[in-house]
Amino acid sequence: MKCYDFDLFVIGAGSGGVRAARMASERGMRVAVAEVSRLGGTCVNVGCIPKKLFAYAAQFAEAFQQARGYGWRLAEVAFNWSTLRDNTDAEIERLTSVYRALLVNSGCQLIEGRATITGAHMVSVGARNWSAERIVIATGGWPFVPDVPGREHAITSNDIFSLEHFPKRAVIVGGGYIALELAGIAAGLGTRTRLVYRGELFLRGFDEDIRRITAEEMSKRGVLLNFGCGICAIEKQADGCLLVTFSDGSRELTDCVLYATGRLPNVAGLGLENTSVRQQANGAIVVNEHLQTHEPSIYAIGDVIDRTQLTPVALAEGMQLVRHLLGEEGPRVDYELIPSAVFSQPAIATVGLTEAQARLRYCDVVVYKSSFRALKQTLAGGNERTFMKLLVDHASDRVVGAHMVGSDAAEIIQGIAIALRAGATKRVFDTTLGVHPTSAEEFVTLRKPSNEPFTTTDP
């Protein structure tokens with residue numbers, strides 16, 4: 001039996017990598033973790049955590065306005081960017097310390113530096129080489145910026161949380177959830193915000209009603225939406241601002257151009273060419289049902305395999321992998337019925353199939369919809385609409401999709417996701433008593449099917 005320095009060498013200390021390393025170490029394996037930057041990966045440092053904290057900050061502007069209808073008078077309302085930035089950074093530092101403690105206390109050896117795979121069982125970090133029986137790649141993703149003249153003047157979601165000054169004007173490029181979240185944050189913090197997307201409507205892959213209603217609600221909040229449009233060039237001016245030329249020929253001066261055009265698997269310089277690991281066209285590492293690559297000793301989890309780019313998925317993959325390596329019985333990650341949320345303004349939450357997907361899978365789909373003005377808006381004087389939608393397979397009566405746009409959507413959809421995974425039928429929803437008065441109760445009081453014809457934006 002060959003002797004290795006480690007039983008398991010994990011490259012990347014993000015959510016998935018830390019979970020796999022900690023679980024393996026706690027079960028008696030000799031584990032090393034290599035990380036070139038702050039622990040916690042994208043989620044903790046430039047993703048979920050700072051994004052959600054910034055979204056909270058952006059919501060206060062609307063809350064201050066709503067407070068007047070409830071009898072509150074605020075003497076002064078002023079936003080200080082450096083306070084938000086520095087307090088957020090302090091919280092991230094706290095969380096990275098927690099991650100460090102979890103690894104060290106579980107017995108993992110933390111190796112700080114960039115790791116390169118030099119063979120099926122070899123990893124180099126700096127001038128040191130390490131051998132491992134198995135290697136796990138958990139390096140996550142990295143923002144993609146298209147090759148546009150002047151792209152060097154643009155920033156990405158990796159940069160926005162640490163800016164010296166928050167921009168008064170911003171152009172955000174992209175149609176995915178990150179673009180929408182950052183547009184909502186910028187607008188909420190007082191920035192004149194334009195969202196540019198080359199497609200006919202953003203959030204491709206989401207339910208059609210969700211896409212349309214979100215566009216309407218974002219426009220109400222002052223976000224300028226440019227669909228069917230892209231950027232041709234970015235030119236830096238003498239005063240430091242940026243002149244943007246759009247594909248429709250128009251031009252605009254702005255203080256910031258932010259690309260949120262997706263994230264690609266972070267595999268550059270990883271040394272995959274020294275192995276038999278195979279990749280997809282976008283760089284994603286190909287793995288089997290056990291998360292094993294074509295190099296038998298190397299595995300991969302999380303965003304780097306580009307299955308579902310969500311932190312809970314990476315955590316689940318890390319746990320599945322360790323159970324497999326130890327020969328333990330346990331469920332594989334189920335990529336169906338994964339709940340997700342977009343912390344845009346307003347928020348979006350969804351679980352299960354979209355209407356288009358449901359109609360492809362089932363012969364007869366019954367659709368229930370509700371659009372209403374939430375109770376809070378009545379005294380606040382706002383015109384925000386909350387939208388909810390249920391999709392039901394008529395043959396089995398099972399609810400196969402649930403979607404929501406509105407306040408507290410993410411908190412509400414978590415409970416709905418449990419119900420759908422348990423196989424809840426529409427009758428179960430109908431016989432469940434609502435919590436009154438709440439928006440959530442609308443999910444259990446939908447009685448009349450929608451008779452609107454189904455249409456789709458995408459071809």
# chains A, B, ... in the order shown; residues from 1 in each chain; ligands from 1

call {"tool": "select_by_dssp", "arguments": {"residues": "region 28-215 of chain A", "states": "helix (DSSP H, G or I)", "output": "NGL selection string"}}
result
:A and (41-46 or 48-70 or 81-105 or 151-153 or 160-162 or 177-188 or 208-215)

call {"tool": "residues_around", "arguments": {"residues": "region 125-136 of chain A", "least_positions_apart": "6", "cutoff": "7 Å", "atoms": "only C-alpha atoms", "output": "list in words"}}
result
Tyr4, Asp5, Phe6, Asp7, Leu8, Phe9, Val10, Ile11, Gly113, Arg114, Ala115, Thr116, Ser297, Ile298, Tyr299 and Ala300 of chain A

call {"tool": "residues_around", "arguments": {"residues": "Ala356 (chain A)", "least_positions_apart": "3", "cutoff": "10 Å", "atoms": "only C-alpha atoms", "output": "list in words"}}
result
Gly205, Phe206, Asp207, Glu208, Leu353, Arg359, Leu360, Arg361, Val365, Phe454, Thr455 and Thr456 of chain A

call {"tool": "write_last_selection", "arguments": {"atoms": "N, CA and C atoms", "output": "mmCIF file, in the first residue's frame"}}
result
data_model
loop_
_atom_site.group_PDB
_atom_site.id
_atom_site.type_symbol
_atom_site.label_atom_id
_atom_site.label_comp_id
_atom_site.auth_asym_id
_atom_site.auth_seq_id
_atom_site.Cartn_x
_atom_site.Cartn_y
_atom_site.Cartn_z
ATOM 1 N N GLY A 205 -34.878 31.109 -18.115
ATOM 2 C CA GLY A 205 -34.948 29.880 -17.334
ATOM 3 C C GLY A 205 -35.915 29.965 -16.168
ATOM 4 N N PHE A 206 -36.302 31.180 -15.773
ATOM 5 C CA PHE A 206 -37.299 31.351 -14.723
ATOM 6 C C PHE A 206 -38.697 31.298 -15.357
ATOM 7 N N ASP A 207 -39.696 31.173 -14.510
ATOM 8 C CA ASP A 207 -41.066 31.161 -14.991
ATOM 9 C C ASP A 207 -41.388 32.477 -15.707
ATOM 10 N N GLU A 208 -42.143 32.365 -16.787
ATOM 11 C CA GLU A 208 -42.414 33.528 -17.631
ATOM 12 C C GLU A 208 -43.120 34.648 -16.879
ATOM 13 N N LEU A 353 -40.937 23.228 -11.022
ATOM 14 C CA LEU A 353 -40.960 23.489 -12.455
ATOM 15 C C LEU A 353 -41.546 24.853 -12.788
ATOM 16 N N ARG A 359 -45.529 22.018 -18.624
ATOM 17 C CA ARG A 359 -46.336 21.664 -19.784
ATOM 18 C C ARG A 359 -45.626 20.669 -20.692
ATOM 19 N N LEU A 360 -44.291 20.685 -20.662
ATOM 20 C CA LEU A 360 -43.543 19.691 -21.425
ATOM 21 C C LEU A 360 -43.589 18.317 -20.755
ATOM 22 N N ARG A 361 -43.664 18.299 -19.429
ATOM 23 C CA ARG A 361 -43.592 17.040 -18.695
ATOM 24 C C ARG A 361 -44.961 16.398 -18.475
ATOM 25 N N VAL A 365 -51.781 20.568 -17.157
ATOM 26 C CA VAL A 365 -51.257 21.381 -16.064
ATOM 27 C C VAL A 365 -52.290 22.439 -15.698
ATOM 28 N N PHE A 454 -51.033 30.522 -22.208
ATOM 29 C CA PHE A 454 -49.599 30.509 -21.908
ATOM 30 C C PHE A 454 -48.804 31.070 -23.073
ATOM 31 N N THR A 455 -47.934 32.015 -22.774
ATOM 32 C CA THR A 455 -47.044 32.567 -23.790
ATOM 33 C C THR A 455 -45.643 32.587 -23.221
ATOM 34 N N THR A 456 -44.671 32.604 -24.104
ATOM 35 C CA THR A 456 -43.287 32.639 -23.667
ATOM 36 C C THR A 456 -42.504 33.674 -24.436
#

call {"tool": "atom_distance", "arguments": {"atom1": "CA of Arg204 (chain A)", "atom2": "CA of Arg251 (chain A)"}}
result
26.4 Å

call {"tool": "atom_distance", "arguments": {"atom1": "CA of Asn383 (chain A)", "atom2": "CA of Ile210 (chain A)"}}
result
17.4 Å

call {"tool": "residues_around", "arguments": {"residues": "Ala63 (chain A)", "least_positions_apart": "2", "cutoff": "12 Å", "atoms": "only C-alpha atoms", "output": "list in words"}}
result
Tyr56, Ala57, Ala58, Gln59, Phe60, Ala61, Gln65, Gln66, Ala67, Arg68, Gly69, Tyr70, Trp72, Leu74, Val77, Gly188, Lys376, Gln377, Ala380, Gly381, Gly382 and Ser407 of chain A

call {"tool": "select_by_dssp", "arguments": {"residues": "region 8-242 of chain A", "states": "strand (DSSP E or B)", "output": "ChimeraX atom specification"}}
result
/A:8-11,31-35,109-112,115-119,122-125,128-137,141-143,155-156,169-173,192-197,224-227,231-236,242

call {"tool": "atom_distance", "arguments": {"atom1": "CA of Val366 (chain A)", "atom2": "CA of Asp393 (chain A)"}}
result
6.4 Å

call {"tool": "residues_around", "arguments": {"residues": "Pro449 (chain A)", "least_positions_apart": "2", "cutoff": "8 Å", "atoms": "only C-alpha atoms", "output": "short mmCIF file (atom, residue, chain, number, x, y, z; two decimals) with N, CA and C atoms, in the first residue's frame"}}
result
data_model
loop_
_atom_site.label_atom_id
_atom_site.label_comp_id
_atom_site.auth_asym_id
_atom_site.auth_seq_id
_atom_site.Cartn_x
_atom_site.Cartn_y
_atom_site.Cartn_z
N VAL A 366 -52.63 22.49 -14.42
CA VAL A 366 -53.56 23.50 -13.93
C VAL A 366 -52.74 24.61 -13.26
N VAL A 367 -53.02 25.84 -13.64
CA VAL A 367 -52.25 26.99 -13.18
C VAL A 367 -53.11 27.86 -12.26
N TYR A 368 -52.54 28.20 -11.12
CA TYR A 368 -53.22 29.10 -10.18
C TYR A 368 -52.32 30.33 -9.98
N LYS A 369 -52.93 31.52 -10.04
CA LYS A 369 -52.17 32.75 -9.90
C LYS A 369 -52.89 33.72 -8.97
N LEU A 446 -55.60 29.71 -2.92
CA LEU A 446 -55.80 29.78 -4.36
C LEU A 446 -56.82 28.74 -4.79
N ARG A 447 -57.95 29.16 -5.29
CA ARG A 447 -59.03 28.23 -5.62
C ARG A 447 -59.39 28.23 -7.10
N ASN A 451 -57.22 31.31 -16.43
CA ASN A 451 -57.62 30.98 -17.79
C ASN A 451 -56.83 31.77 -18.82
#

call {"tool": "residues_around", "arguments": {"residues": "region 140-157 of chain A", "least_positions_apart": "2", "cutoff": "10 Å", "atoms": "only C-alpha atoms", "output": "PDB file with C-alpha atoms, in the first residue's frame"}}
result
ATOM      1  CA  ILE A  11      -8.272  22.603  -3.387  1.00  0.00           C
ATOM      2  CA  GLY A  12     -10.498  25.540  -2.471  1.00  0.00           C
ATOM      3  CA  ALA A  13     -11.860  26.580   0.912  1.00  0.00           C
ATOM      4  CA  GLY A  14     -15.303  27.732  -0.146  1.00  0.00           C
ATOM      5  CA  SER A  15     -18.540  26.320   1.200  1.00  0.00           C
ATOM      6  CA  GLY A  16     -18.287  22.939  -0.504  1.00  0.00           C
ATOM      7  CA  GLY A  17     -14.577  22.470   0.039  1.00  0.00           C
ATOM      8  CA  GLY A  41     -15.073  31.282  -1.136  1.00  0.00           C
ATOM      9  CA  THR A  42     -17.411  33.324  -3.286  1.00  0.00           C
ATOM     10  CA  CYS A  43     -20.415  33.000  -0.971  1.00  0.00           C
ATOM     11  CA  VAL A  46     -18.116  38.387  -2.724  1.00  0.00           C
ATOM     12  CA  GLY A  47     -21.411  36.534  -3.009  1.00  0.00           C
ATOM     13  CA  LYS A  51     -24.944  40.687  -1.340  1.00  0.00           C
ATOM     14  CA  ILE A 137     -11.323  20.310  -6.732  1.00  0.00           C
ATOM     15  CA  ALA A 138     -13.630  22.899  -5.163  1.00  0.00           C
ATOM     16  CA  ASP A 159     -15.338  44.408  -6.944  1.00  0.00           C
ATOM     17  CA  ILE A 160     -18.518  46.232  -6.006  1.00  0.00           C
ATOM     18  CA  PHE A 161     -18.426  45.469  -2.279  1.00  0.00           C
ATOM     19  CA  SER A 162     -15.057  47.155  -1.764  1.00  0.00           C
ATOM     20  CA  LEU A 163     -15.286  50.316  -3.889  1.00  0.00           C
ATOM     21  CA  VAL A 171     -24.696  50.694 -15.965  1.00  0.00           C
ATOM     22  CA  ILE A 172     -25.107  47.027 -15.074  1.00  0.00           C
ATOM     23  CA  VAL A 173     -24.818  44.455 -17.847  1.00  0.00           C
ATOM     24  CA  ILE A 178     -26.691  38.570  -9.916  1.00  0.00           C
ATOM     25  CA  ALA A 179     -27.367  41.421 -12.343  1.00  0.00           C
ATOM     26  CA  LEU A 182     -26.915  44.367  -7.942  1.00  0.00           C
ATOM     27  CA  ILE A 231     -22.386  47.495 -24.945  1.00  0.00           C
ATOM     28  CA  CYS A 232     -20.112  48.099 -27.921  1.00  0.00           C
ATOM     29  CA  ALA A 233     -17.418  50.155 -26.196  1.00  0.00           C
ATOM     30  CA  ILE A 234     -16.386  51.794 -22.933  1.00  0.00           C
ATOM     31  CA  GLU A 235     -14.208  54.901 -23.049  1.00  0.00           C
ATOM     32  CA  LYS A 236     -12.679  56.553 -20.004  1.00  0.00           C
ATOM     33  CA  CYS A 241     -16.277  59.009 -15.838  1.00  0.00           C
ATOM     34  CA  LEU A 242     -17.036  56.437 -18.533  1.00  0.00           C
ATOM     35  CA  LEU A 243     -18.642  56.990 -21.920  1.00  0.00           C
ATOM     36  CA  VAL A 244     -20.630  53.908 -22.908  1.00  0.00           C
ATOM     37  CA  CYS A 256     -19.432  52.682 -13.264  1.00  0.00           C
ATOM     38  CA  VAL A 257     -19.951  49.812 -15.696  1.00  0.00           C
ATOM     39  CA  LEU A 258     -20.511  46.516 -13.937  1.00  0.00           C
ATOM     40  CA  TYR A 259     -20.623  43.213 -15.825  1.00  0.00           C
ATOM     41  CA  ALA A 260     -22.765  40.489 -14.291  1.00  0.00           C
ATOM     42  CA  THR A 261     -22.682  38.237 -17.325  1.00  0.00           C
ATOM     43  CA  GLY A 262     -22.207  34.932 -15.580  1.00  0.00           C
ATOM     44  CA  ARG A 263     -19.440  33.044 -13.851  1.00  0.00           C
ATOM     45  CA  LEU A 264     -17.232  30.417 -15.460  1.00  0.00           C
ATOM     46  CA  PRO A 265     -15.577  27.498 -13.662  1.00  0.00           C
ATOM     47  CA  ASN A 266     -12.395  28.696 -11.962  1.00  0.00           C
ATOM     48  CA  VAL A 267      -9.877  26.288 -13.479  1.00  0.00           C
ATOM     49  CA  ALA A 268      -7.132  28.565 -14.835  1.00  0.00           C
ATOM     50  CA  ALA A 284     -16.602  22.896 -16.266  1.00  0.00           C
ATOM     51  CA  ALA A 300     -14.833  17.863  -8.083  1.00  0.00           C
ATOM     52  CA  ILE A 301     -17.765  19.614  -6.380  1.00  0.00           C
ATOM     53  CA  GLY A 302     -19.573  22.944  -6.405  1.00  0.00           C
ATOM     54  CA  ASP A 303     -19.643  25.639  -9.071  1.00  0.00           C
ATOM     55  CA  VAL A 304     -16.576  24.223 -10.812  1.00  0.00           C
ATOM     56  CA  ILE A 305     -18.731  21.357 -12.158  1.00  0.00           C
ATOM     57  CA  ASP A 306     -21.448  23.842 -13.208  1.00  0.00           C
ATOM     58  CA  GLN A 309     -24.507  27.153  -8.803  1.00  0.00           C
ATOM     59  CA  ALA A 314     -22.081  22.640  -3.010  1.00  0.00           C
TER      60      ALA A 314
END

call {"tool": "closest_residue", "arguments": {"among": "A:Thr254, A:Gln357, A:Asn105, A:Thr438", "to": "Met23 (chain A)", "atoms": "only C-alpha atoms"}}
result
A:Asn105

call {"tool": "residues_around", "arguments": {"residues": "Ser396 (chain A)", "least_positions_apart": "2", "cutoff": "12 Å", "atoms": "only C-alpha atoms", "output": "ChimeraX atom specification"}}
result
/A:362-366,391-394,398-400,423-427

call {"tool": "write_last_selection", "arguments": {"atoms": "N, CA, C and O atoms", "output": "PDB file, in the first residue's frame"}}
result
ATOM      1  N   TYR A 362     -45.990  17.209 -18.301  1.00  0.00           N
ATOM      2  CA  TYR A 362     -47.306  16.679 -17.970  1.00  0.00           C
ATOM      3  C   TYR A 362     -48.335  17.025 -19.048  1.00  0.00           C
ATOM      4  O   TYR A 362     -48.251  18.079 -19.690  1.00  0.00           O
ATOM      5  N   CYS A 363     -49.309  16.132 -19.207  1.00  0.00           N
ATOM      6  CA  CYS A 363     -50.331  16.320 -20.244  1.00  0.00           C
ATOM      7  C   CYS A 363     -51.290  17.457 -19.911  1.00  0.00           C
ATOM      8  O   CYS A 363     -51.735  18.186 -20.796  1.00  0.00           O
ATOM      9  N   ASP A 364     -51.630  17.582 -18.646  1.00  0.00           N
ATOM     10  CA  ASP A 364     -52.629  18.580 -18.234  1.00  0.00           C
ATOM     11  C   ASP A 364     -52.122  19.305 -16.994  1.00  0.00           C
ATOM     12  O   ASP A 364     -52.045  18.722 -15.908  1.00  0.00           O
ATOM     13  N   VAL A 365     -51.781  20.568 -17.157  1.00  0.00           N
ATOM     14  CA  VAL A 365     -51.257  21.381 -16.064  1.00  0.00           C
ATOM     15  C   VAL A 365     -52.290  22.439 -15.698  1.00  0.00           C
ATOM     16  O   VAL A 365     -52.761  23.177 -16.561  1.00  0.00           O
ATOM     17  N   VAL A 366     -52.627  22.491 -14.416  1.00  0.00           N
ATOM     18  CA  VAL A 366     -53.555  23.505 -13.926  1.00  0.00           C
ATOM     19  C   VAL A 366     -52.736  24.610 -13.260  1.00  0.00           C
ATOM     20  O   VAL A 366     -51.885  24.337 -12.408  1.00  0.00           O
ATOM     21  N   LEU A 391     -48.343  25.533  -9.820  1.00  0.00           N
ATOM     22  CA  LEU A 391     -48.535  24.665 -10.978  1.00  0.00           C
ATOM     23  C   LEU A 391     -48.877  23.275 -10.483  1.00  0.00           C
ATOM     24  O   LEU A 391     -48.165  22.724  -9.636  1.00  0.00           O
ATOM     25  N   VAL A 392     -49.952  22.710 -11.007  1.00  0.00           N
ATOM     26  CA  VAL A 392     -50.461  21.435 -10.518  1.00  0.00           C
ATOM     27  C   VAL A 392     -50.613  20.454 -11.673  1.00  0.00           C
ATOM     28  O   VAL A 392     -51.165  20.801 -12.727  1.00  0.00           O
ATOM     29  N   ASP A 393     -50.100  19.234 -11.485  1.00  0.00           N
ATOM     30  CA  ASP A 393     -50.339  18.148 -12.426  1.00  0.00           C
ATOM     31  C   ASP A 393     -51.750  17.625 -12.175  1.00  0.00           C
ATOM     32  O   ASP A 393     -52.028  17.039 -11.125  1.00  0.00           O
ATOM     33  N   HIS A 394     -52.640  17.829 -13.139  1.00  0.00           N
ATOM     34  CA  HIS A 394     -54.050  17.491 -12.935  1.00  0.00           C
ATOM     35  C   HIS A 394     -54.244  16.007 -12.639  1.00  0.00           C
ATOM     36  O   HIS A 394     -55.075  15.638 -11.788  1.00  0.00           O
ATOM     37  N   ARG A 398     -50.663  16.663  -7.770  1.00  0.00           N
ATOM     38  CA  ARG A 398     -49.449  17.128  -7.100  1.00  0.00           C
ATOM     39  C   ARG A 398     -49.096  18.549  -7.536  1.00  0.00           C
ATOM     40  O   ARG A 398     -49.200  18.902  -8.720  1.00  0.00           O
ATOM     41  N   VAL A 399     -48.648  19.330  -6.585  1.00  0.00           N
ATOM     42  CA  VAL A 399     -48.109  20.661  -6.885  1.00  0.00           C
ATOM     43  C   VAL A 399     -46.677  20.461  -7.362  1.00  0.00           C
ATOM     44  O   VAL A 399     -45.839  19.908  -6.642  1.00  0.00           O
ATOM     45  N   VAL A 400     -46.388  20.901  -8.574  1.00  0.00           N
ATOM     46  CA  VAL A 400     -45.073  20.635  -9.172  1.00  0.00           C
ATOM     47  C   VAL A 400     -44.237  21.895  -9.331  1.00  0.00           C
ATOM     48  O   VAL A 400     -43.083  21.822  -9.767  1.00  0.00           O
ATOM     49  N   GLY A 423     -44.306  15.660  -1.573  1.00  0.00           N
ATOM     50  CA  GLY A 423     -45.325  15.212  -2.503  1.00  0.00           C
ATOM     51  C   GLY A 423     -46.685  15.832  -2.285  1.00  0.00           C
ATOM     52  O   GLY A 423     -47.711  15.231  -2.636  1.00  0.00           O
ATOM     53  N   ALA A 424     -46.751  17.011  -1.718  1.00  0.00           N
ATOM     54  CA  ALA A 424     -48.028  17.638  -1.399  1.00  0.00           C
ATOM     55  C   ALA A 424     -48.889  17.833  -2.645  1.00  0.00           C
ATOM     56  O   ALA A 424     -48.411  18.229  -3.710  1.00  0.00           O
ATOM     57  N   THR A 425     -50.166  17.553  -2.492  1.00  0.00           N
ATOM     58  CA  THR A 425     -51.135  17.765  -3.558  1.00  0.00           C
ATOM     59  C   THR A 425     -51.803  19.118  -3.381  1.00  0.00           C
ATOM     60  O   THR A 425     -51.688  19.763  -2.330  1.00  0.00           O
ATOM     61  N   LYS A 426     -52.548  19.516  -4.405  1.00  0.00           N
ATOM     62  CA  LYS A 426     -53.297  20.763  -4.294  1.00  0.00           C
ATOM     63  C   LYS A 426     -54.339  20.649  -3.184  1.00  0.00           C
ATOM     64  O   LYS A 426     -54.617  21.629  -2.480  1.00  0.00           O
ATOM     65  N   ARG A 427     -54.879  19.469  -2.993  1.00  0.00           N
ATOM     66  CA  ARG A 427     -55.858  19.290  -1.920  1.00  0.00           C
ATOM     67  C   ARG A 427     -55.224  19.528  -0.550  1.00  0.00           C
ATOM     68  O   ARG A 427     -55.852  20.097   0.342  1.00  0.00           O
TER      69      ARG A 427
END

call {"tool": "closest_residue", "arguments": {"among": "A:Ala78, A:Leu420, A:Met122, A:Val196", "to": "Gly352 (chain A)", "atoms": "only C-alpha atoms"}}
result
A:Leu420

call {"tool": "closest_residue", "arguments": {"among": "A:Arg278, A:His165, A:Arg211, A:Arg19", "to": "His403 (chain A)", "atoms": "only C-alpha atoms"}}
result
A:Arg211

call {"tool": "closest_residue", "arguments": {"among": "A:Leu375, A:Gln320, A:Gly283, A:Val44", "to": "Asn158 (chain A)", "atoms": "only C-alpha atoms"}}
result
A:Val44

call {"tool": "closest_residue", "arguments": {"among": "A:Arg85, A:His290, A:Arg27, A:Arg198", "to": "Phe166 (chain A)", "atoms": "only C-alpha atoms"}}
result
A:Arg85

call {"tool": "closest_residue", "arguments": {"among": "A:Ser106, A:Thr432, A:Ser450, A:Thr293", "to": "Val18 (chain A)", "atoms": "only C-alpha atoms"}}
result
A:Ser106
